[in-house]
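Visitor: Mind looking over this structure? Questions follow.
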There are 2 protein chains.
Amino acid sequence: MTNQSEITIRRRRPKARPTEILAAALDLFTERGFNATRLEDVATRAGLSKAAIYLYFNDKASLLTALVQATVGANITIAGDMIGRHQGPVAPLVRELLSFMAGRMQETRMPDLIKLVISESRAHPEIGRFYLDNVIGRALPLFQSLIERGMASGEFRKVDPRLTVKCLVGPMLLGAIWKSAFEPIGAEPLDLAALAVHDADLIIRALQP
Amino acid sequence: MTNQSEITIRRRRPKARPTEILAAALDLFTERGFNATRLEDVATRAGLSKAAIYLYFNDKASLLTALVQATVGANITIAGDMIGRHQGPVAPLVRELLSFMAGRMQETRMPDLIKLVISESRAHPEIGRFYLDNVIGRALPLFQSLIERGMASGEFRKVDPRLTVKCLVGPMLLGAIWKSAFEPIGAEPLDLAALAVHDADLIIRALQP
DNA sequence: ACTCTTATTGACCAACGAGTTAGTTAACAA
DNA sequence: TTGTTAACTAACTCGTTGGTCAATAAGAGT
């Protein structure tokens, strides 16, 4: 408020702008939600004017699209590598992957982004479609291949891999929504790491022949 | 469009209004989302004027609150009865309860309502809080007591009941979001009944001593 | 110093939609 | 028939905000 060093000095830094804008947008979208966030506020937080945002993005929705693109892709690629590289029994890898997910959920703003995508997928189908194709459509088959590998080697009993994958991932989705939607309004904190361990434990046991 | 019988005849039917308004609101909220729905449209679909809505509801948000209250409370009570009445081994009851949930998800608009609550809990904390207290805060302990009963009788092995409940419910939440957020934009349909059966199956197996 | 390019902005607008109000009409009782 | 009340609406207010544009200034090159 009384911060005198906040006097805006016009600067031309076209390279740095987009990421600054996205960072500000992520902050505000997760704090107040997509609709309640005024582009004006994104601008001030990013240290430029609202009009300048339109030099770098087409409209409000494309901010969200860019955010999803920048954030989620990387994690899936890492997970894919983990799975591709791995040899031997798959049970430890299942544990490792779930713990990896839990870690990302605690450290990054993935839960908020997931909530945003779910919330806005009606009003902005492009965003939902992108998420469906690039996150869900990649993550689920990845896990599914893992289960199938375990079944082929006799490590796991025969089950429907598609349903099993959803049972494996469901609790983590619950965790994400818990963190992003319910903790902010007073729900007791949920230990995602512990949930991941327990989840992996239950599913692996359930898959013993 | 050319429906001549649509000439609006003013009627005074105060008893019927609220439910008609809520029905219209539910339709539109789930179709277009909460923010994108104009109160004007709710009014026309309900067959009255926007101003009349304010005779029955305080504001837009209270429409959503009323919707949640009317829809979710009943189911939980039913589930509570099922659990209270039940005797003997709990495994069959777990299956029955999950299948009951799946049924409600397929037949009613619960998935859409859940998505709405999640989406709007930031902008309208009262709604989120209500859901937290009356749905989550009732449903989870209910399931938890069931698990604990099974553990006490020796039917289940000892596990953390809180985490286990979340692993049990998570897949159903995934199902709800799948139906409400992703199926409308082209995701392959998900058989919730089959998911419920599989989910119950996995968890019960995982809980064998 | 002086251009020239382009990043940046202040000021604007059009549209929109939640909520209000003053007036109108249905229903019913006396 | 008429008066009264409660249900209802047309038409308005008013704050809000996404998006635009002409004007401005920062920096690079000369």
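We label chains A, B, ... in the order they appear in the structure tokens, count residues from 1 in each chain, and number ligands from 1 in the order shown.
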Taking only residues of chain B that have an atom at most 10 Å from an atom of chain C, what is each one's shortest atom pair and its distance in Å to one decimal, using only C-alpha atoms (C1' of nucleotides), in chain and number order, as a Markdown table?

Guide:
| residue | atom | partner | partner_atom | distance |
| --- | --- | --- | --- | --- |
| B:Arg10 | CA | C:DA26 | C1' | 7.7 |
| B:Arg11 | CA | C:DA26 | C1' | 6.9 |
| B:Arg12 | CA | C:DA26 | C1' | 6.5 |
| B:Thr37 | CA | C:DG17 | C1' | 9.9 |
| B:Arg38 | CA | C:DG17 | C1' | 7.1 |
| B:Leu39 | CA | C:DA18 | C1' | 8.0 |
| B:Glu40 | CA | C:DG17 | C1' | 8.7 |
| B:Lys50 | CA | C:DG19 | C1' | 9.8 |
| B:Ala51 | CA | C:DG19 | C1' | 8.6 |
| B:Tyr54 | CA | C:DG19 | C1' | 8.6 |
| B:Asn58 | CA | C:DG19 | C1' | 9.8 |
| B:Asp59 | CA | C:DG19 | C1' | 8.2 |
| B:Lys60 | CA | C:DA18 | C1' | 8.2 |

Visitor: Sorted by chain and rising residue number, list the residues of chain B at most 12 Å from chain D (counting only C-alpha atoms (C1' of nucleotides)), each with its closest atom pair and distance in Å to one decimal, as a Markdown table.

Guide:
| residue | atom | partner | partner_atom | distance |
| --- | --- | --- | --- | --- |
| B:Thr8 | CA | D:DT9 | C1' | 11.6 |
| B:Ile9 | CA | D:DC8 | C1' | 11.1 |
| B:Arg10 | CA | D:DC8 | C1' | 7.6 |
| B:Arg11 | CA | D:DA7 | C1' | 8.2 |
| B:Arg12 | CA | D:DA7 | C1' | 5.6 |
| B:Arg13 | CA | D:DA7 | C1' | 8.0 |
| B:Pro14 | CA | D:DA7 | C1' | 7.3 |
| B:Lys15 | CA | D:DA7 | C1' | 11.1 |
| B:Arg17 | CA | D:DA7 | C1' | 10.7 |
| B:Ala43 | CA | D:DT9 | C1' | 11.6 |
| B:Gly47 | CA | D:DC8 | C1' | 11.6 |
| B:Leu48 | CA | D:DC8 | C1' | 8.2 |
| B:Ser49 | CA | D:DT9 | C1' | 6.4 |
| B:Lys50 | CA | D:DT9 | C1' | 8.5 |
| B:Ala51 | CA | D:DT9 | C1' | 7.1 |
| B:Ala52 | CA | D:DC8 | C1' | 6.4 |
| B:Ile53 | CA | D:DC8 | C1' | 10.0 |
| B:Tyr54 | CA | D:DC8 | C1' | 10.9 |
| B:Leu55 | CA | D:DA7 | C1' | 8.9 |
| B:Tyr56 | CA | D:DA7 | C1' | 11.0 |

Visitor: Distance cut-off 6 Å, counting only C-alpha atoms - which residues of chain A neighbour chain B? Return them as a count of residues only.

Guide: 10

Visitor: Quick one, how far is atom CA of Val68 of chain B from atom CA of Ile127 of chain B?

Guide: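 Result for atom CA of Val68 of chain B versus atom CA of Ile127 of chain B: 8.2 Å, one decimal.
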
Visitor: Between atom CA of Ala74 of chain A and atom CA of Leu26 of chain A, what distance in Å does the model show, to one decimal?

Guide: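 Value for the atom CA of Ala74 of chain A-atom CA of Leu26 of chain A distance: 17.0 Å.
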